[in-house]
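> Have a look at this one.
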Amino acid sequence: MTVGKARTPKDPRRPVAVWRSKELLDGDVAGALTIILRTRGCRWRRCTMCGFAAEGMIVSADDLIYQFRSATKGLSERVVKIYTSGSFLDEKEVPSFVRDLMLRELSAAGVERVVIESRPEYVLGATMDSVASAGPGIEVGIGLETSNDIIREHVIGKGFAFVDFQEASRIVHASGSRVKAYLLLKPPLLSEGGAILDAINSAREARPFADVLSLNLCNIQRGTPLERMWERGEYRPPWLWSAVEVLLNAPTPIICDPVGAGARRGPHNCGECDALFAQAIRRHALEQDPSVFDGLECSCRPLWEKVIELEEHSFGTPLV
Ligand code: SF4
Ligand SMILES: [Zn+2]
């Protein structure tokens, strides 16, 4: 569900990736450890932009515990994100006794917030009660992507409806835990302007059901239908101008990690200004202050504006 940093070679005893960063925690900036556990992976595997199917392999409960303990050795962070390339709450990916053991160990280590991810169908009352009692300050990230059922179902292939997200959110909140809703900026087939409107609209509609929003800027993952579209010139990742436009118009708190910013496969502007934009977007995630975008200017802005204007009539085919 999430987009990660450098991946390790496949090994049942090594997590897919581990990295440290800063995270907003109840208004403070806190250290965060992110672990992507190597599991069998997502059972859905049908989303058009997702390349996580390649990361799965058969692992035992022992392997999972070994991965977790090696990644959390010397842990001092207040926030820990335990992700898989799928759903942490799927019993077939992470058995419940392994899951709860990890959460209890994080609780004993003084961690204040644990962020996990799941598709809505694994968010069940009994599961959430057990998770919430084992772990400290649980936040469940759900890849809603968009509040538009037609785009989610027919363009992304996500396989659940907005009402399923709402029901999962109700269950998470009933257990006393928090909800993070992931939104995708620029699903395939949307024009640049259409994608901006969809993301802003989705943020506004999802916010009542989510404690925090997380904007994912679409990037091209290997072996996906989206990669084939991109190779044929039928898709361009979102402009960073568009990401800023969404962040300025969406309800807060909204975070965004511009993974791959500036790369051809990642969100990008002209090449000259990408690093500055990425820096401002990262600052905004920690400060939630729109003024971090003041003064961001580049000669590519008129081109981005023209793309938005002309793509309205180009049936979703990118112009630049
Ligand atoms: S639900 Fe979709 S986006 Fe999430 S891991 Fe599975 S295939 Fe990928
Ligand atoms: Zn530029």
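Each chain in the structure tokens gets a letter, A, B and so on, in the order shown; residues start at 1 in every chain, and ligands are counted from 1 in the order they appear.
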Using only C-alpha atoms, determine which residues lie at most 10 Å from region 275-292 of chain A, disregarding the query and same-chain residues fewer than 6 positions distant; provide the list as number ranges by chain.
A: 22-25, 27-30, 214-215, 240-241, 243-244, 247-249, 252-262, 267-269
> Residues near Ser299 (chain A), anyone? I mean within 12 Å using only C-alpha atoms, not counting same-chain ones fewer than 5 positions away, as a list in words.
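The neighbour list is Trp241, Asn269, Cys270, Gly271, Glu272, Cys273, Trp304 and Glu305 of chain A.
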> May I have the selected residues written with N, CA and C atoms, as a short mmCIF file (atom, residue, chain, number, x, y, z; two decimals), in the first residue's frame?

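again07.cif, written as the output of this step:
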```cif
data_model
loop_
_atom_site.label_atom_id
_atom_site.label_comp_id
_atom_site.auth_asym_id
_atom_site.auth_seq_id
_atom_site.Cartn_x
_atom_site.Cartn_y
_atom_site.Cartn_z
N TRP A 241 3.84 20.78 -9.28
CA TRP A 241 2.93 21.93 -9.18
C TRP A 241 1.54 21.44 -8.77
N ASN A 269 8.51 18.15 -12.24
CA ASN A 269 8.26 19.36 -13.03
C ASN A 269 9.24 19.37 -14.20
N CYS A 270 10.08 20.42 -14.24
CA CYS A 270 10.94 20.59 -15.42
C CYS A 270 12.33 20.00 -15.24
N GLY A 271 12.69 19.60 -14.03
CA GLY A 271 14.04 19.11 -13.79
C GLY A 271 14.87 20.13 -13.02
N GLU A 272 14.59 21.42 -13.27
CA GLU A 272 15.34 22.48 -12.58
C GLU A 272 14.82 22.70 -11.16
N CYS A 273 13.51 22.62 -10.99
CA CYS A 273 12.91 23.05 -9.72
C CYS A 273 12.45 21.88 -8.85
N TRP A 304 2.94 24.06 -17.27
CA TRP A 304 2.01 23.25 -16.46
C TRP A 304 0.58 23.78 -16.60
N GLU A 305 0.44 25.11 -16.58
CA GLU A 305 -0.90 25.70 -16.71
C GLU A 305 -1.50 25.38 -18.08
#
```
> Neighbouring residues of ligand 1 are defined here as those with any atom at most 7 Å from a ligand atom, counting only C-alpha atoms and all ligand atoms; list them as a list in words.
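The neighbouring residues of ligand 1 are, in order, Met1, Cys42, Arg43, Trp44, Arg45, Arg46, Cys47, Cys50, Gly51, Phe52, Ser85, Gly86, Arg119, Gly143 and Lys158 of chain A.
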> How many Å separate CA of Met229 (chain A) from CA of His154 (chain A)?
15.5 Å
> Could you please determine the separation between CA of Val98 (chain A) and CA of Leu124 (chain A) in Å, to one decimal place?
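About the pair CA of Val98 (chain A) and CA of Leu124 (chain A): they are 17.3 Å apart.
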> Between CA of Pro237 (chain A) and CA of Pro318 (chain A), what is the distance, to one decimal in Å?
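Distance between the two atoms: 9.5 Å.
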> Using only C-alpha atoms, pick whichever of A:Asp11, A:Glu245, A:Glu205, A:Glu167 has the shortest atom-to-atom distance to Tyr66 (chain A).
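Looking only at the distances to Tyr66 (chain A), the closest residue turns out to be A:Asp11.
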> For the structure I just gave you, how does DSSP split region 62-297 of chain A - specifically, which residues are alpha helix (DSSP H)? Reply as a PyMOL selection string.
chain A and resi 62-71+96-108+125-134+149-150+162-174+192-206+225-231+240-249+274-287
> For ligand 2, which residue among A:Asp274, A:Glu311, A:Glu153, A:Asp294 is the nearest when counting only C-alpha atoms and all ligand atoms?
A:Asp274
> For Lys92 (chain A), list every protein, DNA or RNA residue within 10 Å, evaluated using only C-alpha atoms, and leave out those in the same chain fewer than 2 positions away; present the list as a PDB file with C-alpha atoms, in the first residue's frame.

```
ATOM      1  CA  THR A  39       5.435 -11.278   3.641  1.00  0.00           C
ATOM      2  CA  ARG A  40       3.586 -13.305   1.034  1.00  0.00           C
ATOM      3  CA  GLY A  41       2.271  -9.923  -0.121  1.00  0.00           C
ATOM      4  CA  CYS A  42      -1.098  -8.526  -1.016  1.00  0.00           C
ATOM      5  CA  ARG A  43      -3.765 -11.067  -1.900  1.00  0.00           C
ATOM      6  CA  SER A  87      -2.220  -5.696   4.528  1.00  0.00           C
ATOM      7  CA  PHE A  88      -0.731  -6.063   8.017  1.00  0.00           C
ATOM      8  CA  LEU A  89      -4.176  -7.120   9.277  1.00  0.00           C
ATOM      9  CA  ASP A  90      -4.496  -9.977   6.769  1.00  0.00           C
ATOM     10  CA  VAL A  94       0.892 -11.816   9.279  1.00  0.00           C
ATOM     11  CA  PRO A  95      -0.605 -14.408  11.675  1.00  0.00           C
ATOM     12  CA  SER A  96      -2.483 -12.728  14.525  1.00  0.00           C
TER      13      SER A  96
END
```
> Using only C-alpha atoms, which of the listed residues (A:Glu117, A:Asp129, A:Glu145, A:Glu93) sits closest to Ala195 (chain A)?
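Closest to Ala195 (chain A), using only C-alpha atoms: A:Glu145.
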> Return as a list in words the full set of residues in region 1-103 of chain A whose backbone-based DSSP assignment is strand (DSSP E).
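Answer for region 1-103 of chain A, restricted to strand (DSSP E): Ala17, Val18, Trp19, Arg20, Ser21, Lys22, Glu23, Leu24, Leu25, Asp28, Val29, Ala30, Gly31, Ala32, Leu33, Thr34, Ile35, Ile36, Leu37, Val79, Val80, Lys81, Ile82, Tyr83 and Thr84 of chain A.
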> Find the spatial neighbours of Arg178 (chain A), counting only C-alpha atoms, within a cut-off of 12 Å - ignore same-chain residues fewer than 5 positions away - and output them as a list of chain:residue names.
A:Asp26, A:Arg113, A:Val114, A:Val115, A:Ile116, A:Glu117, A:Met128, A:Ala132, A:Pro136, A:Gly137, A:Ile138, A:Glu139, A:Val140, A:Gly141, A:Ile142, A:Ala168, A:Ser169, A:Arg170, A:Ile171, A:Val172, A:His173, A:Phe209, A:Ala210, A:Asp211, A:Val212, A:Leu213
> Determine, counting only C-alpha atoms, which protein, DNA and RNA residues have an atom within 12 Å of an atom of Trp230 (chain A); residues of the same chain fewer than 2 positions away are not included. Present the result as a list in words.
Thr48, Met49, Pro188, Leu189, Cys218, Asn219, Ile220, Gln221, Arg222, Gly223, Thr224, Pro225, Leu226, Glu227, Arg228, Arg232, Gly233, Glu234, Tyr235, Arg236, Pro237, Arg264, Arg265, Gly266, Thr317 and Pro318 of chain A
